[in-house]
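> This structure is in structure tokens; I'll ask about it shortly.
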Amino acid sequence: MVTQAVPAPARWSNWGATYSCTPTRIASPASEDEIAAVVRAAAERGEHVKVIGSGHSFTDIGCTDGVLVKLDRYHQMLDVDRAAMTVTAQAGITILQLSDALAHFGLAMENMGDVGYQTISGAISTATHGTGEKLRNISSQVVGATLVLADASVLKCSETEDRAAFKAAQVSLGALGVLSTVTLRVVPAYYIRSLQQPKPVDELLDRFDELTQENDHFEFFWWPHTTWAQAITNTRTLEAPATALLRKGFGSYVSDILLENHTFGLIQRAAQVNRRWIPRLAGFTARTMSRKEMTDRSDRIFANERLVRFAEMEYAVPRSELVQAVRDIRGMIERTGFLVSFPVEVRSVAPDDIPLSPAYGRETGYIAVHVFNKFEYAPYFKEVEAIMNSHGGRPHWGKLHFQTAETLRPRYPLWDEFIAVRDRLDPERRFGNDYLERVLGAGKAKEVRPRAKRTTAARRVKTKS
Ligand SMILES: Cc1cc2nc3c(=O)[nH]c(=O)nc-3n(C[C@H](O)[C@H](O)[C@H](O)COP(=O)(O)OP(=O)(O)OC[C@H]3O[C@@H](n4cnc5c(N)ncnc54)[C@H](O)[C@@H]3O)c2cc1C
């Protein structure tokens with residue numbers, strides 16, 4: 001039977017090459033029955049199970065010492081309900097695949113992050129978000145789900161059916177079971193008029209409230225060691241654009257791939273040769289940023305190509321503290337002399353009511369810091385994290401951080417409700433791994449089997465900061 005997991009001593013590594021692990025085997029089930037069979041067989045062998053999406057999380061959240069389940073053969077859109085304005089899809093569908101399928105029906109996702117490679121289930125599980133002060137994260141678009149549980153049974157949940165499990169499953173870190181199908185709220189297809197332009201970072205910080213209130217989507221990327229940022233203003237419209245404004249074909253290839261990705265890649269490699277060149281390289285990058293205006297289908301504007309690999313940390317802070325938190329990071333970089341060759345990204349999202357969502361119960365600002373993946377990230381990220389702690393920050397679950405269950409629990413008012421659902425659905429921690437043990441705590445889990453191998457941080461090139 002196709003469900004049979006193939007023994008695979010091969011090493012698995014995430015997109016950013018920040019973590020890797022060696023699962024006992026890798027399974028690619030193509031149906032819910034096959035997913036259940038993989039879980040049942042792993043339970044019989046006493047092994048952990050971990051579903052992996054596109055591996056776009058920067059932490060060891062997707063690592064396992066047991067069976068790694070890939071849903072790359074389980075990615076169909078199953079149903080479109082026009083009356084309810086919902087879509088149901090198999091959990092392995094990527095955001096790009098889902099957006100394309102929705103476009104055929106004149107529909108689109110409410111909002112998305114700045115790439116579309118993630119699986120919908122991976123994006124949901126870590127509370128992936130875009131920007132837009134009136135828009136919530138992708139998990140908030142979920143209205144129903146089915147999960148294959150540790151005993152291989154299937155649980156259906158929604159606002160009206162096992163609500164506690166549903167709220168927990170909306171941001172679950174993969175700790176409850178295998179998300180098999182998800183139902184999402186969708187909206188009529190829309191276009192985005194996008195304006196990107198260099199601006200002094202002080203002006204953007206001073207006017208941040210006004211810019212986020214006036215625009216559907218506003219964000220900026222500030223270049224450390226410079227006073228400049230690239231501001232991105234996206235405006236939603238139902239009107240199809242004139243062909244001339246469409247971002248397609250060779251022009252977009254030259255601008256997005258050759259200039260943005262390859263030039264940026266060259267700058268990172270130059271920084272590798274000599275870290276002291278970084279401030280001058282940043283100055284060069286800031287000077288080459290240009291004004292760009294385009295209109296296209298929403299997902300094509302939101303989803304960018306990212307060819308240069310990096311490590312990332314992102315924190316959600318109360319929206320009212322966002323601007324000060326960015327200024328604190330700026331002051332810290334000046335004080336410490338860290339040489340930072342990647343920009344700092346600043347966004348905002350609407351609050352939600354999901355227990356483990358970093359935007360739970362408060363207007364939220366997001367600050368992301370990045371490091372080229374050949375450079376050591378820990379010293380810089382630890383300094384940023386200290387600032388985020390002082391602002392009541394909550395880390396993005398898919399991005400690097402140094403928190404533990406002890407430091408995280410006080411930041412989430414509904415923490416215990418989530419843990420209660422985890423205890424009910426996965427008492428033996430079949431879906432556990434080192435990351436979950438660190439950030440959620442072992443709780444009442446029994447040891448499933450002795451740990452043979454711990455996950456390891458991938459080797460990073462050490463350079464002086
Ligand atoms: C280049 C890049 C750009 C990014 N941009 C953004 C952004 O704009 N906004 C943002 O918020 N984040 C962003 N991220 C982070 C990314 O969206 C999240 O880390 C997301 O979880 C990745 O999805 P994935 O499919 O790769 O999931 P993975 O990283 O493979 O898995 C993440 C978690 O989901 C669980 N999971 C996956 N599928 C299932 C399933 N079927 N059932 C149960 N658990 C499951 C895994 O077990 C794991 O715990 C970006 C990451 C990269 C590398």
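All residue names refer to the structure tokens as shown: chains lettered A, B, ... in order, residues numbered from 1 in each chain, ligands numbered from 1 in order.
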List all protein, DNA and RNA residues that have at least one atom no more than 6 Å from any atom of ligand 1, counting only C-alpha atoms and all ligand atoms, and write them as a PyMOL selection string.
chain A and resi 15+50-57+61-62+91+113-115+118-119+121-123+125-126+128-130+173-174+177-180+306+398
> Could those selected residues go to a file with C-alpha atoms, as a PDB file, in the first residue's frame?

ATOM      1  CA  TRP A  15      14.761  26.337   4.159  1.00  0.00           C
ATOM      2  CA  LYS A  50       5.970  15.212  12.879  1.00  0.00           C
ATOM      3  CA  VAL A  51       4.264  16.701   9.843  1.00  0.00           C
ATOM      4  CA  ILE A  52       6.426  19.054   7.863  1.00  0.00           C
ATOM      5  CA  GLY A  53       5.100  21.670   5.484  1.00  0.00           C
ATOM      6  CA  SER A  54       7.513  23.522   3.209  1.00  0.00           C
ATOM      7  CA  GLY A  55      10.156  23.721   5.950  1.00  0.00           C
ATOM      8  CA  HIS A  56       9.972  27.523   5.965  1.00  0.00           C
ATOM      9  CA  SER A  57      10.126  27.806   9.744  1.00  0.00           C
ATOM     10  CA  ILE A  61       9.714  23.172  15.207  1.00  0.00           C
ATOM     11  CA  GLY A  62       9.613  20.701  12.284  1.00  0.00           C
ATOM     12  CA  ALA A  91      -3.616  20.570   4.362  1.00  0.00           C
ATOM     13  CA  GLY A 113       2.471  37.021   4.225  1.00  0.00           C
ATOM     14  CA  ASP A 114       5.271  38.109   1.928  1.00  0.00           C
ATOM     15  CA  VAL A 115       5.938  34.704   0.336  1.00  0.00           C
ATOM     16  CA  GLN A 118       4.319  27.753   2.785  1.00  0.00           C
ATOM     17  CA  THR A 119       1.727  25.010   3.040  1.00  0.00           C
ATOM     18  CA  SER A 121      -1.258  23.990   7.371  1.00  0.00           C
ATOM     19  CA  GLY A 122       2.277  25.189   8.177  1.00  0.00           C
ATOM     20  CA  ALA A 123       1.171  28.822   7.873  1.00  0.00           C
ATOM     21  CA  SER A 125       0.136  26.237  12.707  1.00  0.00           C
ATOM     22  CA  THR A 126       2.600  29.103  13.340  1.00  0.00           C
ATOM     23  CA  THR A 128       1.713  33.331   9.768  1.00  0.00           C
ATOM     24  CA  HIS A 129       0.607  36.906   9.074  1.00  0.00           C
ATOM     25  CA  GLY A 130       0.860  39.691   6.542  1.00  0.00           C
ATOM     26  CA  LEU A 173       2.524  24.513  16.529  1.00  0.00           C
ATOM     27  CA  GLY A 174       1.761  21.036  15.177  1.00  0.00           C
ATOM     28  CA  GLY A 177      -2.279  16.045  15.573  1.00  0.00           C
ATOM     29  CA  VAL A 178      -2.100  16.118  11.786  1.00  0.00           C
ATOM     30  CA  LEU A 179      -4.221  18.862  10.236  1.00  0.00           C
ATOM     31  CA  SER A 180      -5.854  16.956   7.401  1.00  0.00           C
ATOM     32  CA  ARG A 306      13.304  35.089  -1.756  1.00  0.00           C
ATOM     33  CA  GLY A 398       8.116  29.724  13.172  1.00  0.00           C
TER      34      GLY A 398
END
> I want to know what sits within 12 Å of Asp209 in chain A, based on only C-alpha atoms, with residues of the same chain fewer than 4 positions away left out; could you give that as a PyMOL selection string?
chain A and resi 132-133+203-205+213-215+218-219+319-323+347-348+365
> Kindly export the residues of the current selection with all heavy atoms, as a compact mmCIF listing (two decimals), in the first residue's frame.

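Written output follows (result19.txt):
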# COMPACT_ATOMS: atom_id res chain seq x y z
N GLY A 132 -1.43 44.90 7.75
CA GLY A 132 -2.75 45.54 7.56
C GLY A 132 -3.42 45.65 8.90
O GLY A 132 -3.80 44.63 9.49
N GLU A 133 -3.55 46.88 9.37
CA GLU A 133 -4.04 47.09 10.73
C GLU A 133 -5.46 46.57 10.95
O GLU A 133 -5.86 46.29 12.07
CB GLU A 133 -3.98 48.59 11.04
CG GLU A 133 -3.80 48.86 12.48
CD GLU A 133 -2.69 49.85 12.76
OE1 GLU A 133 -1.52 49.47 12.62
OE2 GLU A 133 -3.01 51.00 13.09
N GLU A 203 10.94 59.67 9.25
CA GLU A 203 9.62 60.14 8.77
C GLU A 203 8.60 59.01 8.88
O GLU A 203 7.46 59.22 9.33
CB GLU A 203 9.76 60.60 7.31
CG GLU A 203 8.45 61.10 6.72
CD GLU A 203 8.54 61.35 5.21
OE1 GLU A 203 9.61 61.80 4.72
OE2 GLU A 203 7.53 61.06 4.52
N LEU A 204 9.00 57.79 8.51
CA LEU A 204 8.07 56.66 8.57
C LEU A 204 7.68 56.34 10.01
O LEU A 204 6.52 56.01 10.29
CB LEU A 204 8.68 55.42 7.90
CG LEU A 204 8.99 55.58 6.41
CD1 LEU A 204 9.62 54.31 5.86
CD2 LEU A 204 7.72 55.90 5.62
N LEU A 205 8.63 56.43 10.92
CA LEU A 205 8.32 56.15 12.33
C LEU A 205 7.39 57.24 12.88
O LEU A 205 6.39 56.95 13.55
CB LEU A 205 9.60 56.06 13.15
CG LEU A 205 10.43 54.79 12.90
CD1 LEU A 205 11.79 54.88 13.58
CD2 LEU A 205 9.70 53.54 13.39
N GLN A 213 -3.18 53.67 9.31
CA GLN A 213 -4.63 53.89 9.32
C GLN A 213 -5.16 54.25 7.93
O GLN A 213 -6.25 53.85 7.54
CB GLN A 213 -5.00 55.00 10.31
CG GLN A 213 -5.11 54.47 11.74
CD GLN A 213 -4.88 55.54 12.78
OE1 GLN A 213 -5.11 56.72 12.53
NE2 GLN A 213 -4.41 55.12 13.94
N GLU A 214 -4.37 55.00 7.17
CA GLU A 214 -4.81 55.48 5.85
C GLU A 214 -4.79 54.37 4.79
O GLU A 214 -5.49 54.46 3.80
CB GLU A 214 -3.83 56.55 5.35
CG GLU A 214 -4.17 57.93 5.77
CD GLU A 214 -3.06 58.88 5.33
OE1 GLU A 214 -2.12 58.47 4.61
OE2 GLU A 214 -3.14 60.04 5.76
N ASN A 215 -3.93 53.37 4.98
CA ASN A 215 -3.71 52.40 3.91
C ASN A 215 -4.17 51.00 4.31
O ASN A 215 -4.12 50.63 5.47
CB ASN A 215 -2.22 52.36 3.55
CG ASN A 215 -1.77 53.68 2.97
OD1 ASN A 215 -2.19 54.05 1.89
ND2 ASN A 215 -0.95 54.41 3.71
N PHE A 218 0.38 48.56 5.03
CA PHE A 218 1.58 49.39 5.03
C PHE A 218 2.69 48.67 5.78
O PHE A 218 2.44 48.05 6.83
CB PHE A 218 1.33 50.76 5.68
CG PHE A 218 2.59 51.58 5.73
CD1 PHE A 218 3.06 52.20 4.59
CD2 PHE A 218 3.34 51.66 6.90
CE1 PHE A 218 4.26 52.91 4.61
CE2 PHE A 218 4.54 52.37 6.93
CZ PHE A 218 5.00 52.99 5.78
N GLU A 219 3.89 48.70 5.26
CA GLU A 219 5.05 48.15 5.98
C GLU A 219 6.30 48.86 5.48
O GLU A 219 6.28 49.53 4.44
CB GLU A 219 5.18 46.64 5.76
CG GLU A 219 5.56 46.23 4.35
CD GLU A 219 5.77 44.72 4.22
OE1 GLU A 219 6.56 44.16 5.00
OE2 GLU A 219 5.15 44.13 3.32
N ARG A 319 0.83 47.22 19.74
CA ARG A 319 0.94 48.19 18.65
C ARG A 319 1.41 49.56 19.16
O ARG A 319 2.19 50.25 18.50
CB ARG A 319 -0.44 48.28 17.96
CG ARG A 319 -0.61 49.29 16.90
CD ARG A 319 0.31 49.06 15.72
NE ARG A 319 0.12 50.18 14.83
CZ ARG A 319 0.67 51.38 15.03
NH1 ARG A 319 1.48 51.59 16.05
NH2 ARG A 319 0.44 52.35 14.19
N SER A 320 0.94 49.93 20.37
CA SER A 320 1.30 51.24 20.92
C SER A 320 2.80 51.33 21.23
O SER A 320 3.33 52.41 21.42
CB SER A 320 0.49 51.50 22.18
OG SER A 320 0.70 50.44 23.10
N GLU A 321 3.49 50.20 21.31
CA GLU A 321 4.93 50.21 21.65
C GLU A 321 5.83 49.97 20.44
O GLU A 321 7.06 49.95 20.56
CB GLU A 321 5.21 49.13 22.71
CG GLU A 321 4.30 49.28 23.92
CD GLU A 321 4.92 48.81 25.22
OE1 GLU A 321 6.14 48.64 25.27
OE2 GLU A 321 4.14 48.62 26.16
N LEU A 322 5.19 49.76 19.29
CA LEU A 322 5.96 49.36 18.11
C LEU A 322 7.06 50.37 17.74
O LEU A 322 8.22 50.00 17.55
CB LEU A 322 5.01 49.15 16.92
CG LEU A 322 5.68 48.78 15.60
CD1 LEU A 322 6.18 47.35 15.64
CD2 LEU A 322 4.73 48.95 14.43
N VAL A 323 6.67 51.63 17.62
CA VAL A 323 7.61 52.63 17.13
C VAL A 323 8.80 52.75 18.10
O VAL A 323 9.97 52.78 17.68
CB VAL A 323 6.88 53.98 16.93
CG1 VAL A 323 7.87 55.12 16.69
CG2 VAL A 323 5.90 53.87 15.76
N ARG A 347 5.74 45.75 10.52
CA ARG A 347 4.36 45.57 10.03
C ARG A 347 3.37 45.71 11.18
O ARG A 347 3.75 45.80 12.34
CB ARG A 347 4.19 44.16 9.42
CG ARG A 347 5.08 43.89 8.25
CD ARG A 347 4.84 42.53 7.62
NE ARG A 347 5.74 41.52 8.14
CZ ARG A 347 5.87 40.28 7.66
NH1 ARG A 347 5.12 39.91 6.64
NH2 ARG A 347 6.72 39.42 8.18
N SER A 348 2.07 45.65 10.88
CA SER A 348 1.06 45.67 11.95
C SER A 348 -0.13 44.81 11.54
O SER A 348 -0.40 44.64 10.35
CB SER A 348 0.60 47.10 12.23
OG SER A 348 0.06 47.66 11.05
N GLY A 365 1.94 45.12 16.62
CA GLY A 365 2.97 45.50 15.66
C GLY A 365 3.99 44.37 15.59
O GLY A 365 4.27 43.72 16.61
> Using only C-alpha atoms, find each residue of range 127-176 of chain A with at least one atom at most 9 Å away from an atom of range 410-423 of chain A; report its shortest atom-to-atom pair and that distance in Å (one decimal), sort the rows by chain and rising residue number, and return the result as JSON lines.

{"residue": "A:Ala164", "atom": "CA", "partner": "A:Val421", "partner_atom": "CA", "distance": 6.9}
{"residue": "A:Ala165", "atom": "CA", "partner": "A:Val421", "partner_atom": "CA", "distance": 6.0}
{"residue": "A:Lys167", "atom": "CA", "partner": "A:Phe418", "partner_atom": "CA", "distance": 8.3}
{"residue": "A:Ala168", "atom": "CA", "partner": "A:Phe418", "partner_atom": "CA", "distance": 5.6}
{"residue": "A:Ala169", "atom": "CA", "partner": "A:Phe418", "partner_atom": "CA", "distance": 9.0}
{"residue": "A:Ser172", "atom": "CA", "partner": "A:Phe418", "partner_atom": "CA", "distance": 8.4}
{"residue": "A:Ala175", "atom": "CA", "partner": "A:Arg422", "partner_atom": "CA", "distance": 6.9}
{"residue": "A:Leu176", "atom": "CA", "partner": "A:Arg422", "partner_atom": "CA", "distance": 5.7}
> For all heavy atoms, I'd like the residues from the last selection saved as a PDB file, in the first residue's frame.

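And here is the file that came out, out-v4.pdb:
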ATOM      1  N   ALA A 164     -13.193  24.254  21.772  1.00  0.00           N
ATOM      2  CA  ALA A 164     -11.893  24.357  22.457  1.00  0.00           C
ATOM      3  C   ALA A 164     -10.785  23.799  21.571  1.00  0.00           C
ATOM      4  O   ALA A 164      -9.712  24.411  21.420  1.00  0.00           O
ATOM      5  CB  ALA A 164     -11.946  23.617  23.787  1.00  0.00           C
ATOM      6  N   ALA A 165     -11.058  22.634  20.953  1.00  0.00           N
ATOM      7  CA  ALA A 165     -10.044  22.043  20.058  1.00  0.00           C
ATOM      8  C   ALA A 165      -9.839  22.930  18.840  1.00  0.00           C
ATOM      9  O   ALA A 165      -8.702  23.112  18.371  1.00  0.00           O
ATOM     10  CB  ALA A 165     -10.492  20.644  19.628  1.00  0.00           C
ATOM     11  N   LYS A 167     -10.186  26.273  18.551  1.00  0.00           N
ATOM     12  CA  LYS A 167      -9.388  27.468  18.847  1.00  0.00           C
ATOM     13  C   LYS A 167      -7.907  27.086  19.010  1.00  0.00           C
ATOM     14  O   LYS A 167      -7.020  27.804  18.573  1.00  0.00           O
ATOM     15  CB  LYS A 167      -9.887  28.184  20.109  1.00  0.00           C
ATOM     16  CG  LYS A 167     -11.302  28.731  20.047  1.00  0.00           C
ATOM     17  CD  LYS A 167     -11.620  29.535  18.816  1.00  0.00           C
ATOM     18  CE  LYS A 167     -10.947  30.874  18.700  1.00  0.00           C
ATOM     19  NZ  LYS A 167     -11.318  31.565  17.420  1.00  0.00           N
ATOM     20  N   ALA A 168      -7.673  25.929  19.641  1.00  0.00           N
ATOM     21  CA  ALA A 168      -6.284  25.482  19.822  1.00  0.00           C
ATOM     22  C   ALA A 168      -5.658  25.133  18.471  1.00  0.00           C
ATOM     23  O   ALA A 168      -4.483  25.436  18.217  1.00  0.00           O
ATOM     24  CB  ALA A 168      -6.244  24.296  20.769  1.00  0.00           C
ATOM     25  N   ALA A 169      -6.462  24.513  17.590  1.00  0.00           N
ATOM     26  CA  ALA A 169      -5.930  24.082  16.286  1.00  0.00           C
ATOM     27  C   ALA A 169      -5.653  25.259  15.362  1.00  0.00           C
ATOM     28  O   ALA A 169      -4.895  25.138  14.407  1.00  0.00           O
ATOM     29  CB  ALA A 169      -6.906  23.115  15.619  1.00  0.00           C
ATOM     30  N   SER A 172      -1.480  25.815  16.441  1.00  0.00           N
ATOM     31  CA  SER A 172      -1.227  24.641  17.278  1.00  0.00           C
ATOM     32  C   SER A 172       0.236  24.254  17.374  1.00  0.00           C
ATOM     33  O   SER A 172       0.582  23.357  18.136  1.00  0.00           O
ATOM     34  CB  SER A 172      -1.992  23.444  16.713  1.00  0.00           C
ATOM     35  OG  SER A 172      -1.330  22.987  15.546  1.00  0.00           O
ATOM     36  N   ALA A 175       1.203  20.612  17.527  1.00  0.00           N
ATOM     37  CA  ALA A 175       1.279  19.833  18.771  1.00  0.00           C
ATOM     38  C   ALA A 175       0.055  18.962  19.033  1.00  0.00           C
ATOM     39  O   ALA A 175       0.067  18.178  19.983  1.00  0.00           O
ATOM     40  CB  ALA A 175       1.475  20.780  19.956  1.00  0.00           C
ATOM     41  N   LEU A 176      -0.993  19.099  18.214  1.00  0.00           N
ATOM     42  CA  LEU A 176      -2.240  18.403  18.557  1.00  0.00           C
ATOM     43  C   LEU A 176      -2.496  17.161  17.716  1.00  0.00           C
ATOM     44  O   LEU A 176      -3.181  16.235  18.166  1.00  0.00           O
ATOM     45  CB  LEU A 176      -3.435  19.356  18.385  1.00  0.00           C
ATOM     46  CG  LEU A 176      -3.341  20.690  19.138  1.00  0.00           C
ATOM     47  CD1 LEU A 176      -4.568  21.529  18.863  1.00  0.00           C
ATOM     48  CD2 LEU A 176      -3.165  20.446  20.632  1.00  0.00           C
TER      49      LEU A 176
END
> Please indicate the distance in Å from CA of His104 in chain A to CA of Asp79 in chain A, rounded to one decimal place.
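Going from CA of His104 in chain A over to CA of Asp79 in chain A, I get 12.8 Å.
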> Would you mind telling me which residue in A:Ala229, A:Ala108, A:Leu149, A:Leu307 lies nearest to Phe264 in chain A when using only C-alpha atoms?
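Among A:Ala229, A:Ala108, A:Leu149, A:Leu307, it is A:Leu307 that comes nearest to Phe264 in chain A.
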> Per DSSP on the backbone, what are the helix (DSSP H, G or I) residues of range 196-311 of chain A, as a PyMOL selection string?
chain A and resi 201-206+208-214+243-245+249-273+275-288+298-302
> Under the rule that only C-alpha atoms are counted, which of A:Gly144, A:Gly16, A:Pro343, A:Pro355 is the nearest residue to Arg185 in chain A?
A:Gly144
